[in-house]
file work.cif (mmCIF, C-alpha atoms (C1' of nucleotides))
data_protein
loop_
_atom_site.label_atom_id
_atom_site.label_comp_id
_atom_site.auth_asym_id
_atom_site.auth_seq_id
_atom_site.Cartn_x
_atom_site.Cartn_y
_atom_site.Cartn_z
CA MET W 1 -28.77 8.66 -4.89
CA ASP W 2 -25.53 6.75 -4.45
CA LYS W 3 -24.32 8.06 -7.78
CA GLU W 4 -25.24 11.58 -6.79
CA ILE W 5 -23.23 11.24 -3.56
CA LYS W 6 -20.19 9.97 -5.41
CA LEU W 7 -20.53 12.87 -7.81
CA LEU W 8 -20.74 15.29 -4.91
CA ASN W 9 -17.51 13.85 -3.52
CA GLN W 10 -15.96 14.17 -6.95
CA TYR W 11 -16.80 17.86 -6.95
CA TRP W 12 -15.72 18.22 -3.32
CA THR W 13 -12.29 16.68 -3.79
CA ASP W 14 -11.71 18.47 -7.10
CA ILE W 15 -12.51 21.79 -5.47
CA TYR W 16 -10.19 21.21 -2.54
CA PHE W 17 -7.43 19.87 -4.74
CA SER W 18 -7.59 22.94 -6.98
CA LEU W 19 -8.25 25.63 -4.43
CA HIS W 20 -6.33 24.67 -1.31
CA TYR W 21 -3.39 26.84 -0.24
CA ALA W 22 -0.23 26.06 -2.16
CA HIS W 23 2.30 26.74 0.54
CA GLU W 24 2.18 23.56 2.60
CA GLU W 25 3.32 24.14 6.16
CA GLN W 26 5.59 21.71 7.95
CA ILE W 27 2.87 20.34 10.17
CA SER W 28 1.72 16.82 10.94
CA HIS W 29 -1.76 15.52 10.45
CA GLN W 30 -2.10 15.03 14.21
CA ALA W 31 -1.18 18.65 14.80
CA VAL W 32 -3.86 19.83 12.39
CA ARG W 33 -6.39 17.66 14.16
CA ILE W 34 -5.49 19.23 17.50
CA LEU W 35 -5.86 22.75 16.14
CA GLN W 36 -9.16 21.78 14.52
CA MET W 37 -10.43 20.23 17.72
CA ILE W 38 -9.76 23.44 19.59
CA GLU W 39 -11.28 25.65 16.92
CA LYS W 40 -14.31 23.56 16.07
CA THR W 41 -15.35 22.03 19.39
CA ASP W 42 -15.53 23.06 23.01
CA LEU W 43 -12.89 20.48 23.91
CA ASN W 44 -9.78 22.33 25.04
CA SER W 45 -7.74 20.39 27.59
CA VAL W 46 -4.71 18.12 27.36
CA GLY W 47 -6.90 15.20 28.43
CA ASN W 48 -9.38 16.00 25.66
CA ILE W 49 -6.57 15.75 23.12
CA ALA W 50 -5.54 12.37 24.48
CA GLU W 51 -9.06 11.03 24.03
CA TYR W 52 -9.58 12.72 20.70
CA LEU W 53 -6.38 11.38 19.15
CA LYS W 54 -6.54 8.16 21.14
CA VAL W 55 -3.03 8.55 22.53
CA SER W 56 -1.82 8.51 26.11
CA HIS W 57 -1.98 11.62 28.25
CA ASN W 58 1.78 12.04 28.29
CA THR W 59 1.91 11.96 24.50
CA ALA W 60 -0.88 14.52 24.38
CA SER W 61 1.11 16.70 26.75
CA GLU W 62 4.16 16.43 24.49
CA HIS W 63 2.08 17.45 21.49
CA VAL W 64 0.87 20.49 23.35
CA LYS W 65 4.37 21.43 24.40
CA LYS W 66 5.50 21.32 20.80
CA LEU W 67 2.54 23.33 19.52
CA VAL W 68 3.02 25.93 22.24
CA GLY W 69 6.70 26.06 21.32
CA LYS W 70 5.81 26.70 17.70
CA GLY W 71 3.50 29.48 18.77
CA PHE W 72 0.29 27.84 17.57
CA LEU W 73 -1.29 27.40 21.01
CA PHE W 74 -1.18 29.08 24.37
CA LYS W 75 -2.33 27.85 27.73
CA SER W 76 -4.38 29.25 30.53
CA ARG W 77 -5.56 27.56 33.70
CA SER W 78 -9.16 26.91 34.60
CA ASP W 79 -10.30 29.05 37.57
CA VAL W 80 -12.72 26.37 38.73
CA ASP W 81 -10.07 23.61 38.68
CA GLU W 82 -6.50 24.79 38.60
CA ARG W 83 -5.15 21.40 37.58
CA LYS W 84 -6.79 21.87 34.21
CA VAL W 85 -5.13 23.58 31.30
CA ILE W 86 -7.30 25.45 28.83
CA LEU W 87 -5.81 25.57 25.35
CA HIS W 88 -6.33 28.43 22.94
CA LEU W 89 -5.27 29.05 19.37
CA THR W 90 -2.88 31.92 18.83
CA LYS W 91 -3.26 34.18 15.84
CA LEU W 92 -0.50 32.20 14.16
CA GLY W 93 -2.23 28.95 15.06
CA LYS W 94 -5.43 30.14 13.40
CA GLU W 95 -3.44 31.13 10.35
CA VAL W 96 -1.74 27.74 10.11
CA LEU W 97 -5.04 25.95 10.54
CA LYS W 98 -6.53 28.07 7.79
CA LYS W 99 -3.66 27.28 5.45
CA ASN W 100 -4.20 23.59 6.07
CA THR W 101 -7.97 23.29 5.90
CA SER W 102 -9.49 26.25 4.07
CA LEU W 103 -9.72 27.23 0.44
CA ASP W 104 -7.29 29.84 -0.81
CA GLU W 105 -9.05 33.18 -0.40
CA SER W 106 -7.45 34.82 -3.39
CA LYS W 107 -8.26 31.93 -5.72
CA LEU W 108 -11.75 31.89 -4.31
CA GLU W 109 -12.17 35.60 -4.85
CA ASN W 110 -11.40 35.30 -8.55
CA ILE W 111 -13.96 32.57 -8.93
CA MET W 112 -16.62 34.38 -6.92
CA HIS W 113 -16.21 37.39 -9.17
CA SER W 114 -16.79 35.22 -12.20
CA LEU W 115 -20.11 33.93 -10.90
CA SER W 116 -23.49 35.53 -11.49
CA ASP W 117 -25.38 36.91 -8.50
CA LYS W 118 -27.71 33.94 -8.55
CA GLU W 119 -24.88 31.42 -8.80
CA ARG W 120 -23.10 33.07 -5.91
CA PHE W 121 -26.25 33.18 -3.83
CA ASP W 122 -27.06 29.52 -4.53
CA LEU W 123 -23.53 28.45 -3.66
CA MET W 124 -23.49 30.30 -0.35
CA ASN W 125 -26.96 29.14 0.50
CA SER W 126 -26.30 25.50 -0.39
CA LEU W 127 -23.14 25.35 1.69
CA LYS W 128 -24.89 27.09 4.54
CA ILE W 129 -27.62 24.47 4.53
CA LEU W 130 -25.16 21.60 4.24
CA SER W 131 -23.04 22.93 7.08
CA GLU W 132 -26.10 23.30 9.31
CA ARG W 133 -27.36 19.83 8.58
CA ALA W 134 -23.90 18.41 9.09
CA LYS W 135 -23.69 19.42 12.75
CA MET S 1 -17.04 40.05 -0.78
CA ASP S 2 -14.20 39.34 1.62
CA LYS S 3 -16.73 38.58 4.34
CA GLU S 4 -18.62 36.28 2.01
CA ILE S 5 -15.42 34.38 1.24
CA LYS S 6 -14.59 33.97 4.90
CA LEU S 7 -18.11 32.74 5.48
CA LEU S 8 -17.76 30.28 2.64
CA ASN S 9 -14.60 28.94 4.26
CA GLN S 10 -16.41 28.73 7.55
CA TYR S 11 -19.05 26.54 5.92
CA TRP S 12 -16.42 24.56 4.05
CA THR S 13 -14.32 23.69 7.10
CA ASP S 14 -17.40 23.01 9.24
CA ILE S 15 -18.69 20.59 6.63
CA TYR S 16 -15.41 18.75 6.33
CA PHE S 17 -14.90 18.65 10.06
CA SER S 18 -18.34 17.16 10.62
CA LEU S 19 -18.58 14.86 7.63
CA HIS S 20 -15.10 13.47 7.05
CA TYR S 21 -14.50 9.77 7.64
CA ALA S 22 -13.95 8.97 11.29
CA HIS S 23 -11.48 6.13 10.94
CA GLU S 24 -8.19 7.92 10.38
CA GLU S 25 -5.71 5.78 8.52
CA GLN S 26 -2.04 5.64 9.46
CA ILE S 27 -0.87 7.67 6.50
CA SER S 28 1.30 10.74 6.19
CA HIS S 29 0.32 13.97 4.58
CA GLN S 30 2.95 13.46 1.91
CA ALA S 31 1.50 10.06 1.09
CA VAL S 32 -1.97 11.54 0.64
CA ARG S 33 -0.52 14.17 -1.65
CA ILE S 34 1.10 11.50 -3.81
CA LEU S 35 -2.14 9.54 -4.11
CA GLN S 36 -4.00 12.75 -4.91
CA MET S 37 -1.48 13.74 -7.53
CA ILE S 38 -1.95 10.43 -9.28
CA GLU S 39 -5.72 10.52 -9.09
CA LYS S 40 -6.28 14.16 -9.92
CA THR S 41 -3.58 14.98 -12.46
CA ASP S 42 -1.90 13.25 -15.38
CA LEU S 43 1.41 13.26 -13.51
CA ASN S 44 2.33 9.67 -12.75
CA SER S 45 6.09 9.09 -12.61
CA VAL S 46 8.63 8.98 -9.81
CA GLY S 47 10.21 12.14 -11.16
CA ASN S 48 6.84 13.88 -11.12
CA ILE S 49 6.50 13.08 -7.44
CA ALA S 50 9.94 14.54 -6.73
CA GLU S 51 8.95 17.81 -8.39
CA TYR S 52 5.49 17.86 -6.91
CA LEU S 53 6.66 17.33 -3.33
CA LYS S 54 9.89 19.22 -3.90
CA VAL S 55 12.06 16.38 -2.65
CA SER S 56 14.98 14.64 -4.29
CA HIS S 57 14.41 11.81 -6.77
CA ASN S 58 15.76 9.19 -4.41
CA THR S 59 13.37 10.27 -1.67
CA ALA S 60 10.51 10.13 -4.18
CA SER S 61 11.58 6.63 -5.11
CA GLU S 62 11.54 5.61 -1.44
CA HIS S 63 8.04 7.01 -1.02
CA VAL S 64 6.87 4.99 -3.97
CA LYS S 65 8.48 1.82 -2.66
CA LYS S 66 6.65 2.27 0.63
CA LEU S 67 3.31 2.96 -1.01
CA VAL S 68 3.70 -0.02 -3.32
CA GLY S 69 4.57 -2.12 -0.27
CA LYS S 70 1.40 -0.99 1.46
CA GLY S 71 -0.60 -1.92 -1.60
CA PHE S 72 -1.72 1.62 -2.44
CA LEU S 73 0.14 1.91 -5.75
CA PHE S 74 1.37 -0.37 -8.48
CA LYS S 75 3.87 0.27 -11.23
CA SER S 76 3.95 -0.32 -14.93
CA ARG S 77 6.58 0.70 -17.43
CA SER S 78 6.04 3.12 -20.26
CA ASP S 79 6.21 1.38 -23.68
CA VAL S 80 7.59 4.48 -25.33
CA ASP S 81 10.38 4.90 -22.77
CA GLU S 82 11.13 1.89 -20.66
CA ARG S 83 13.12 3.83 -18.11
CA LYS S 84 9.91 5.50 -17.01
CA VAL S 85 7.65 4.06 -14.37
CA ILE S 86 3.94 4.75 -14.62
CA LEU S 87 2.22 4.75 -11.25
CA HIS S 88 -1.37 3.67 -10.74
CA LEU S 89 -3.66 3.62 -7.73
CA THR S 90 -4.76 0.20 -6.59
CA LYS S 91 -8.32 -0.35 -5.42
CA LEU S 92 -7.02 -0.11 -1.86
CA GLY S 93 -5.14 3.08 -2.71
CA LYS S 94 -8.34 4.65 -4.04
CA GLU S 95 -10.13 3.59 -0.89
CA VAL S 96 -7.47 5.10 1.37
CA LEU S 97 -7.48 8.32 -0.62
CA LYS S 98 -11.24 8.47 -0.32
CA LYS S 99 -11.10 7.97 3.43
CA ASN S 100 -8.63 10.83 3.70
CA THR S 101 -10.15 13.43 1.38
CA SER S 102 -13.84 12.71 0.77
CA LEU S 103 -16.95 13.21 2.84
CA ASP S 104 -18.38 10.14 4.55
CA GLU S 105 -20.90 8.67 2.14
CA SER S 106 -23.25 7.35 4.78
CA LYS S 107 -23.34 10.63 6.69
CA LEU S 108 -23.84 12.41 3.41
CA GLU S 109 -26.66 10.10 2.44
CA ASN S 110 -28.63 10.93 5.56
CA ILE S 111 -28.27 14.60 4.90
CA MET S 112 -29.15 14.33 1.23
CA HIS S 113 -32.34 12.52 2.18
CA SER S 114 -33.27 15.35 4.51
CA LEU S 115 -32.99 17.97 1.77
CA SER S 116 -35.79 19.06 -0.52
CA ASP S 117 -35.44 18.35 -4.25
CA LYS S 118 -34.62 21.97 -4.89
CA GLU S 119 -32.05 22.14 -2.11
CA ARG S 120 -30.40 19.01 -3.41
CA PHE S 121 -30.41 20.27 -6.95
CA ASP S 122 -28.96 23.63 -5.94
CA LEU S 123 -26.24 21.99 -3.89
CA MET S 124 -25.15 19.65 -6.67
CA ASN S 125 -25.32 22.41 -9.23
CA SER S 126 -23.40 24.92 -7.14
CA LEU S 127 -20.59 22.48 -6.42
CA LYS S 128 -20.50 21.45 -10.05
CA ILE S 129 -20.04 25.07 -11.10
CA LEU S 130 -17.43 25.73 -8.44
CA SER S 131 -15.45 22.62 -9.37
CA GLU S 132 -15.50 23.60 -13.04
CA ARG S 133 -14.36 27.14 -12.38
CA ALA S 134 -11.70 25.89 -10.00
CA LYS S 135 -9.82 23.95 -12.67
"C1'" DA K 1 -4.88 12.54 55.70
"C1'" DT K 2 -5.58 9.81 51.77
"C1'" DT K 3 -6.84 9.04 47.30
"C1'" DA K 4 -7.80 10.53 42.72
"C1'" DT K 5 -7.14 13.62 38.85
"C1'" DA K 6 -4.74 16.67 35.36
"C1'" DT K 7 -0.69 17.68 33.54
"C1'" DA K 8 4.40 17.51 32.89
"C1'" DT K 9 8.92 15.37 32.39
"C1'" DC K 10 12.38 11.73 31.60
"C1'" DG K 11 14.32 7.91 29.35
"C1'" DT K 12 13.79 5.14 25.58
"C1'" DA K 13 12.45 2.71 21.27
"C1'" DA K 14 10.50 2.44 16.71
"C1'" DT K 15 9.52 4.73 12.67
"C1'" DT K 16 9.91 8.23 9.23
"C1'" DA K 17 11.77 11.46 6.03
"C1'" DA K 18 15.29 13.26 4.03
"C1'" DC K 19 19.86 13.40 1.64
"C1'" DG K 20 24.30 12.31 -0.96
"C1'" DA K 21 26.66 8.86 -3.22
"C1'" DT K 22 26.38 5.24 -6.13
"C1'" DA K 23 24.38 1.76 -9.38
"C1'" DT K 24 21.70 0.11 -13.37
"C1'" DA K 25 19.26 0.20 -17.41
"C1'" DA K 26 17.33 2.72 -21.27
"C1'" DT K 27 17.63 6.48 -24.47
"C1'" DC K 28 19.80 10.17 -27.06
"C1'" DA K 29 23.53 12.52 -29.59
"C1'" DT K 30 27.36 12.30 -32.48
"C1'" DA D 1 29.08 2.01 -31.73
"C1'" DT D 2 30.43 5.05 -27.85
"C1'" DG D 3 29.75 8.31 -24.61
"C1'" DA D 4 26.53 11.31 -22.31
"C1'" DT D 5 22.11 11.86 -20.30
"C1'" DT D 6 17.91 10.43 -18.08
"C1'" DA D 7 14.77 7.74 -14.95
"C1'" DT D 8 14.67 5.04 -11.29
"C1'" DA D 9 16.52 2.24 -7.41
"C1'" DT D 10 19.47 1.16 -3.50
"C1'" DC D 11 22.68 1.94 0.39
"C1'" DG D 12 24.34 4.21 4.35
"C1'" DT D 13 23.40 7.70 7.34
"C1'" DT D 14 21.35 11.45 10.01
"C1'" DA D 15 17.76 14.12 12.13
"C1'" DA D 16 13.26 14.47 13.52
"C1'" DT D 17 8.94 12.47 14.99
"C1'" DT D 18 5.81 9.77 17.62
"C1'" DA D 19 4.73 6.97 20.84
"C1'" DC D 20 4.98 4.72 25.52
"C1'" DG D 21 5.81 3.51 30.58
"C1'" DA D 22 7.46 5.21 34.73
"C1'" DT D 23 7.61 8.86 37.60
"C1'" DA D 24 6.75 13.54 39.55
"C1'" DT D 25 3.93 17.52 41.05
"C1'" DA D 26 0.14 20.16 42.13
"C1'" DT D 27 -4.70 20.45 42.93
"C1'" DA D 28 -9.23 18.55 44.12
"C1'" DA D 29 -12.30 15.36 46.27
"C1'" DT D 30 -13.52 12.20 50.07
#

call {"tool": "encode", "arguments": {"input": "work.cif", "output": "structure tokens"}}
result
Amino acid sequence: MDKEIKLLNQYWTDIYFSLHYAHEEQISHQAVRILQMIEKTDLNSVGNIAEYLKVSHNTASEHVKKLVGKGFLFKSRSDVDERKVILHLTKLGKEVLKKNTSLDESKLENIMHSLSDKERFDLMNSLKILSERAK
Amino acid sequence: MDKEIKLLNQYWTDIYFSLHYAHEEQISHQAVRILQMIEKTDLNSVGNIAEYLKVSHNTASEHVKKLVGKGFLFKSRSDVDERKVILHLTKLGKEVLKKNTSLDESKLENIMHSLSDKERFDLMNSLKILSERAK
DNA sequence: ATTATATATCGTAATTAACGATATAATCAT
DNA sequence: ATGATTATATCGTTAATTACGATATATAAT
């Protein structure tokens, strides 16, 4: 089983290495984590970022300011508690996150076309199951 | 097909977000790319790094010095051309790369145990095929 | 009215990432 | 053998980044 898991990681890292987007954006690892946090979880405040990245609240606030300035995030205020900021990804922010974490759609399309119907079905189904179990 | 590809990326990013290693190392994106380049390709010189990262040769050399200092890389010299440095990952370097690009083995193990034999086989096989086509 | 909470801003320090200029050693061309 | 080229390293410098503590402001809770 251990060997199988190492093999899976071999496949996983090979796939990402080959299929990730080529054009690397000028964006820090911390910034990607913030965008991911907002997209993938229901955490969405400045305080949440501070906890998530384990930095102080002022640093989290600075990160947000920068990401808003770059047009990756925008803010709204909570109606139940107007001290709280609610952070949202902009269209550009979603795009940048995609470029930094997803597989290149055009490369992927070529490969998908080269697969048989069964191979394609098994791939989609296997990843679906893995993603569900992973949560 | 386009929808299927977006769905695949949804699965892909969900899986990585849930299953990546929790303990984030203090390492820059550029540094990860260098370690990856050395592990995944046959590029292994300082000059290769400069081209790969599109930085000047002196900057590449500085990166290498830092990564050697951290114990992630070590150098040897080419016997055919002694001007050339050949870079290798140390055990620690492999470990750091794993922590930054692979899925967490213990999380993965739990999931693998929860899958049926067929599910596990299909998953391994699908990723194998995808990794082969990706190259 | 007082205290606590969420966020923002300011001043500052440490680190990082990059470059051009320069140096050194090895190899190639003539 | 000599001069040119190549691969890497080092130095000095600059700009950007990342973090923090202290402080401020507005809102909410007691």

call {"tool": "interface_residues", "arguments": {"input": "work.cif", "of": "chain W", "to": "chain S", "cutoff": "8 Å", "atoms": "all atoms listed in the file", "output": "ChimeraX atom specification"}}
result
/W:1-2,5-6,8-9,11-15,17-19,28-29,36,40,101-103,105,108-109,111,119,122-124,126-128,130-131,133-135

call {"tool": "write_last_selection", "arguments": {"input": "work.cif", "atoms": "C-alpha atoms", "output": "PDB file, keeping the file's coordinate frame"}}
result
ATOM      1  CA  MET W   1     -28.770   8.660  -4.890  1.00  0.00           C
ATOM      2  CA  ASP W   2     -25.530   6.750  -4.450  1.00  0.00           C
ATOM      3  CA  ILE W   5     -23.230  11.240  -3.560  1.00  0.00           C
ATOM      4  CA  LYS W   6     -20.190   9.970  -5.410  1.00  0.00           C
ATOM      5  CA  LEU W   8     -20.740  15.290  -4.910  1.00  0.00           C
ATOM      6  CA  ASN W   9     -17.510  13.850  -3.520  1.00  0.00           C
ATOM      7  CA  TYR W  11     -16.800  17.860  -6.950  1.00  0.00           C
ATOM      8  CA  TRP W  12     -15.720  18.220  -3.320  1.00  0.00           C
ATOM      9  CA  THR W  13     -12.290  16.680  -3.790  1.00  0.00           C
ATOM     10  CA  ASP W  14     -11.710  18.470  -7.100  1.00  0.00           C
ATOM     11  CA  ILE W  15     -12.510  21.790  -5.470  1.00  0.00           C
ATOM     12  CA  PHE W  17      -7.430  19.870  -4.740  1.00  0.00           C
ATOM     13  CA  SER W  18      -7.590  22.940  -6.980  1.00  0.00           C
ATOM     14  CA  LEU W  19      -8.250  25.630  -4.430  1.00  0.00           C
ATOM     15  CA  SER W  28       1.720  16.820  10.940  1.00  0.00           C
ATOM     16  CA  HIS W  29      -1.760  15.520  10.450  1.00  0.00           C
ATOM     17  CA  GLN W  36      -9.160  21.780  14.520  1.00  0.00           C
ATOM     18  CA  LYS W  40     -14.310  23.560  16.070  1.00  0.00           C
ATOM     19  CA  THR W 101      -7.970  23.290   5.900  1.00  0.00           C
ATOM     20  CA  SER W 102      -9.490  26.250   4.070  1.00  0.00           C
ATOM     21  CA  LEU W 103      -9.720  27.230   0.440  1.00  0.00           C
ATOM     22  CA  GLU W 105      -9.050  33.180  -0.400  1.00  0.00           C
ATOM     23  CA  LEU W 108     -11.750  31.890  -4.310  1.00  0.00           C
ATOM     24  CA  GLU W 109     -12.170  35.600  -4.850  1.00  0.00           C
ATOM     25  CA  ILE W 111     -13.960  32.570  -8.930  1.00  0.00           C
ATOM     26  CA  GLU W 119     -24.880  31.420  -8.800  1.00  0.00           C
ATOM     27  CA  ASP W 122     -27.060  29.520  -4.530  1.00  0.00           C
ATOM     28  CA  LEU W 123     -23.530  28.450  -3.660  1.00  0.00           C
ATOM     29  CA  MET W 124     -23.490  30.300  -0.350  1.00  0.00           C
ATOM     30  CA  SER W 126     -26.300  25.500  -0.390  1.00  0.00           C
ATOM     31  CA  LEU W 127     -23.140  25.350   1.690  1.00  0.00           C
ATOM     32  CA  LYS W 128     -24.890  27.090   4.540  1.00  0.00           C
ATOM     33  CA  LEU W 130     -25.160  21.600   4.240  1.00  0.00           C
ATOM     34  CA  SER W 131     -23.040  22.930   7.080  1.00  0.00           C
ATOM     35  CA  ARG W 133     -27.360  19.830   8.580  1.00  0.00           C
ATOM     36  CA  ALA W 134     -23.900  18.410   9.090  1.00  0.00           C
ATOM     37  CA  LYS W 135     -23.690  19.420  12.750  1.00  0.00           C
TER      38      LYS W 135
END

call {"tool": "calpha_fit_and_write", "arguments": {"input": "work.cif", "fixed": "chain W", "moving": "chain S", "output": "short mmCIF file (atom, residue, chain, number, x, y, z; two decimals) with C-alpha atoms, in the coordinates of the input"}}
result
data_model
loop_
_atom_site.label_atom_id
_atom_site.label_comp_id
_atom_site.auth_asym_id
_atom_site.auth_seq_id
_atom_site.Cartn_x
_atom_site.Cartn_y
_atom_site.Cartn_z
CA MET S 1 -28.71 8.65 -4.92
CA ASP S 2 -25.47 6.73 -4.49
CA LYS S 3 -24.26 8.08 -7.82
CA GLU S 4 -25.20 11.59 -6.80
CA ILE S 5 -23.19 11.23 -3.59
CA LYS S 6 -20.15 9.97 -5.45
CA LEU S 7 -20.49 12.88 -7.82
CA LEU S 8 -20.72 15.28 -4.92
CA ASN S 9 -17.48 13.84 -3.55
CA GLN S 10 -15.93 14.18 -6.96
CA TYR S 11 -16.78 17.88 -6.95
CA TRP S 12 -15.69 18.24 -3.34
CA THR S 13 -12.24 16.70 -3.80
CA ASP S 14 -11.70 18.49 -7.12
CA ILE S 15 -12.49 21.81 -5.47
CA TYR S 16 -10.17 21.21 -2.55
CA PHE S 17 -7.41 19.91 -4.76
CA SER S 18 -7.58 22.97 -6.99
CA LEU S 19 -8.25 25.65 -4.42
CA HIS S 20 -6.31 24.68 -1.31
CA TYR S 21 -3.39 26.85 -0.24
CA ALA S 22 -0.23 26.06 -2.16
CA HIS S 23 2.32 26.71 0.54
CA GLU S 24 2.24 23.53 2.59
CA GLU S 25 3.37 24.09 6.14
CA GLN S 26 5.63 21.66 7.96
CA ILE S 27 2.90 20.29 10.19
CA SER S 28 1.72 16.79 10.95
CA HIS S 29 -1.75 15.49 10.47
CA GLN S 30 -2.10 15.00 14.21
CA ALA S 31 -1.17 18.62 14.80
CA VAL S 32 -3.84 19.81 12.38
CA ARG S 33 -6.37 17.64 14.16
CA ILE S 34 -5.48 19.21 17.50
CA LEU S 35 -5.84 22.74 16.12
CA GLN S 36 -9.14 21.77 14.51
CA MET S 37 -10.43 20.23 17.70
CA ILE S 38 -9.75 23.45 19.56
CA GLU S 39 -11.27 25.66 16.90
CA LYS S 40 -14.30 23.57 16.04
CA THR S 41 -15.36 22.03 19.35
CA ASP S 42 -15.52 23.09 22.98
CA LEU S 43 -12.89 20.50 23.88
CA ASN S 44 -9.78 22.35 25.01
CA SER S 45 -7.75 20.41 27.58
CA VAL S 46 -4.74 18.12 27.36
CA GLY S 47 -6.92 15.21 28.42
CA ASN S 48 -9.39 16.01 25.65
CA ILE S 49 -6.59 15.76 23.12
CA ALA S 50 -5.57 12.36 24.49
CA GLU S 51 -9.10 11.05 24.03
CA TYR S 52 -9.61 12.73 20.70
CA LEU S 53 -6.41 11.37 19.16
CA LYS S 54 -6.59 8.15 21.14
CA VAL S 55 -3.09 8.53 22.54
CA SER S 56 -1.88 8.47 26.12
CA HIS S 57 -2.02 11.61 28.27
CA ASN S 58 1.73 12.02 28.30
CA THR S 59 1.88 11.92 24.51
CA ALA S 60 -0.91 14.51 24.39
CA SER S 61 1.08 16.67 26.76
CA GLU S 62 4.13 16.40 24.49
CA HIS S 63 2.07 17.42 21.48
CA VAL S 64 0.86 20.46 23.32
CA LYS S 65 4.36 21.41 24.41
CA LYS S 66 5.50 21.28 20.80
CA LEU S 67 2.57 23.30 19.51
CA VAL S 68 3.03 25.90 22.23
CA GLY S 69 6.72 26.03 21.31
CA LYS S 70 5.84 26.67 17.69
CA GLY S 71 3.53 29.46 18.74
CA PHE S 72 0.32 27.80 17.55
CA LEU S 73 -1.27 27.39 20.98
CA PHE S 74 -1.17 29.07 24.35
CA LYS S 75 -2.33 27.85 27.71
CA SER S 76 -4.40 29.28 30.49
CA ARG S 77 -5.58 27.63 33.66
CA SER S 78 -9.18 27.00 34.55
CA ASP S 79 -10.31 29.14 37.53
CA VAL S 80 -12.74 26.49 38.68
CA ASP S 81 -10.11 23.73 38.65
CA GLU S 82 -6.54 24.86 38.56
CA ARG S 83 -5.20 21.48 37.56
CA LYS S 84 -6.85 21.93 34.19
CA VAL S 85 -5.16 23.63 31.29
CA ILE S 86 -7.32 25.49 28.80
CA LEU S 87 -5.80 25.59 25.33
CA HIS S 88 -6.31 28.45 22.91
CA LEU S 89 -5.25 29.05 19.33
CA THR S 90 -2.85 31.91 18.81
CA LYS S 91 -3.23 34.18 15.80
CA LEU S 92 -0.47 32.18 14.14
CA GLY S 93 -2.20 28.92 15.05
CA LYS S 94 -5.40 30.13 13.39
CA GLU S 95 -3.41 31.12 10.33
CA VAL S 96 -1.71 27.72 10.10
CA LEU S 97 -5.03 25.94 10.53
CA LYS S 98 -6.51 28.06 7.79
CA LYS S 99 -3.64 27.27 5.44
CA ASN S 100 -4.18 23.58 6.06
CA THR S 101 -7.97 23.27 5.90
CA SER S 102 -9.49 26.26 4.08
CA LEU S 103 -9.73 27.22 0.44
CA ASP S 104 -7.31 29.86 -0.79
CA GLU S 105 -9.07 33.19 -0.37
CA SER S 106 -7.49 34.85 -3.37
CA LYS S 107 -8.28 31.96 -5.70
CA LEU S 108 -11.77 31.90 -4.29
CA GLU S 109 -12.18 35.61 -4.81
CA ASN S 110 -11.45 35.33 -8.51
CA ILE S 111 -14.00 32.61 -8.89
CA MET S 112 -16.65 34.40 -6.86
CA HIS S 113 -16.25 37.43 -9.10
CA SER S 114 -16.83 35.26 -12.15
CA LEU S 115 -20.15 33.96 -10.84
CA SER S 116 -23.53 35.54 -11.43
CA ASP S 117 -25.42 36.91 -8.42
CA LYS S 118 -27.73 33.93 -8.49
CA GLU S 119 -24.90 31.43 -8.75
CA ARG S 120 -23.14 33.07 -5.85
CA PHE S 121 -26.28 33.17 -3.78
CA ASP S 122 -27.06 29.52 -4.49
CA LEU S 123 -23.54 28.45 -3.63
CA MET S 124 -23.49 30.29 -0.30
CA ASN S 125 -26.96 29.10 0.55
CA SER S 126 -26.31 25.48 -0.35
CA LEU S 127 -23.14 25.33 1.72
CA LYS S 128 -24.88 27.06 4.59
CA ILE S 129 -27.61 24.43 4.56
CA LEU S 130 -25.15 21.57 4.27
CA SER S 131 -23.02 22.89 7.13
CA GLU S 132 -26.08 23.25 9.34
CA ARG S 133 -27.34 19.76 8.61
CA ALA S 134 -23.87 18.36 9.10
CA LYS S 135 -23.65 19.38 12.75
#

call {"tool": "resolve_selection", "arguments": {"input": "work.cif", "expression": "the PyMOL selection byres ((chain K) within 10 of (chain W))", "output": "MDAnalysis selection string"}}
result
chainID K and resid 5:9

call {"tool": "interface_residues", "arguments": {"input": "work.cif", "of": "chain D", "to": "chain S", "cutoff": "12 Å", "atoms": "all atoms listed in the file", "output": "list in words"}}
result
DT6, DA7, DT8, DA9, DT10, DC11 and DT17 of chain D

call {"tool": "atom_distance", "arguments": {"input": "work.cif", "atom1": "CA of Lys66 in chain S", "atom2": "C1' of DA14 in chain K"}}
result
16.5 Å

call {"tool": "atom_distance", "arguments": {"input": "work.cif", "atom1": "CA of Leu87 in chain W", "atom2": "C1' of DA26 in chain D"}}
result
18.6 Å

call {"tool": "resolve_selection", "arguments": {"input": "work.cif", "expression": "the PyMOL selection byres ((chain D and resi 13) around 12)", "output": "NGL selection string"}}
result
(:K and (18-21)) or (:D and (11-12 or 14-15))

call {"tool": "resolve_selection", "arguments": {"input": "work.cif", "expression": "the PyMOL selection byres ((chain K and resi 13) around 10)", "output": "list of chain:residue names"}}
result
K:DG11, K:DT12, K:DA14, K:DT15, D:DA19, D:DC20
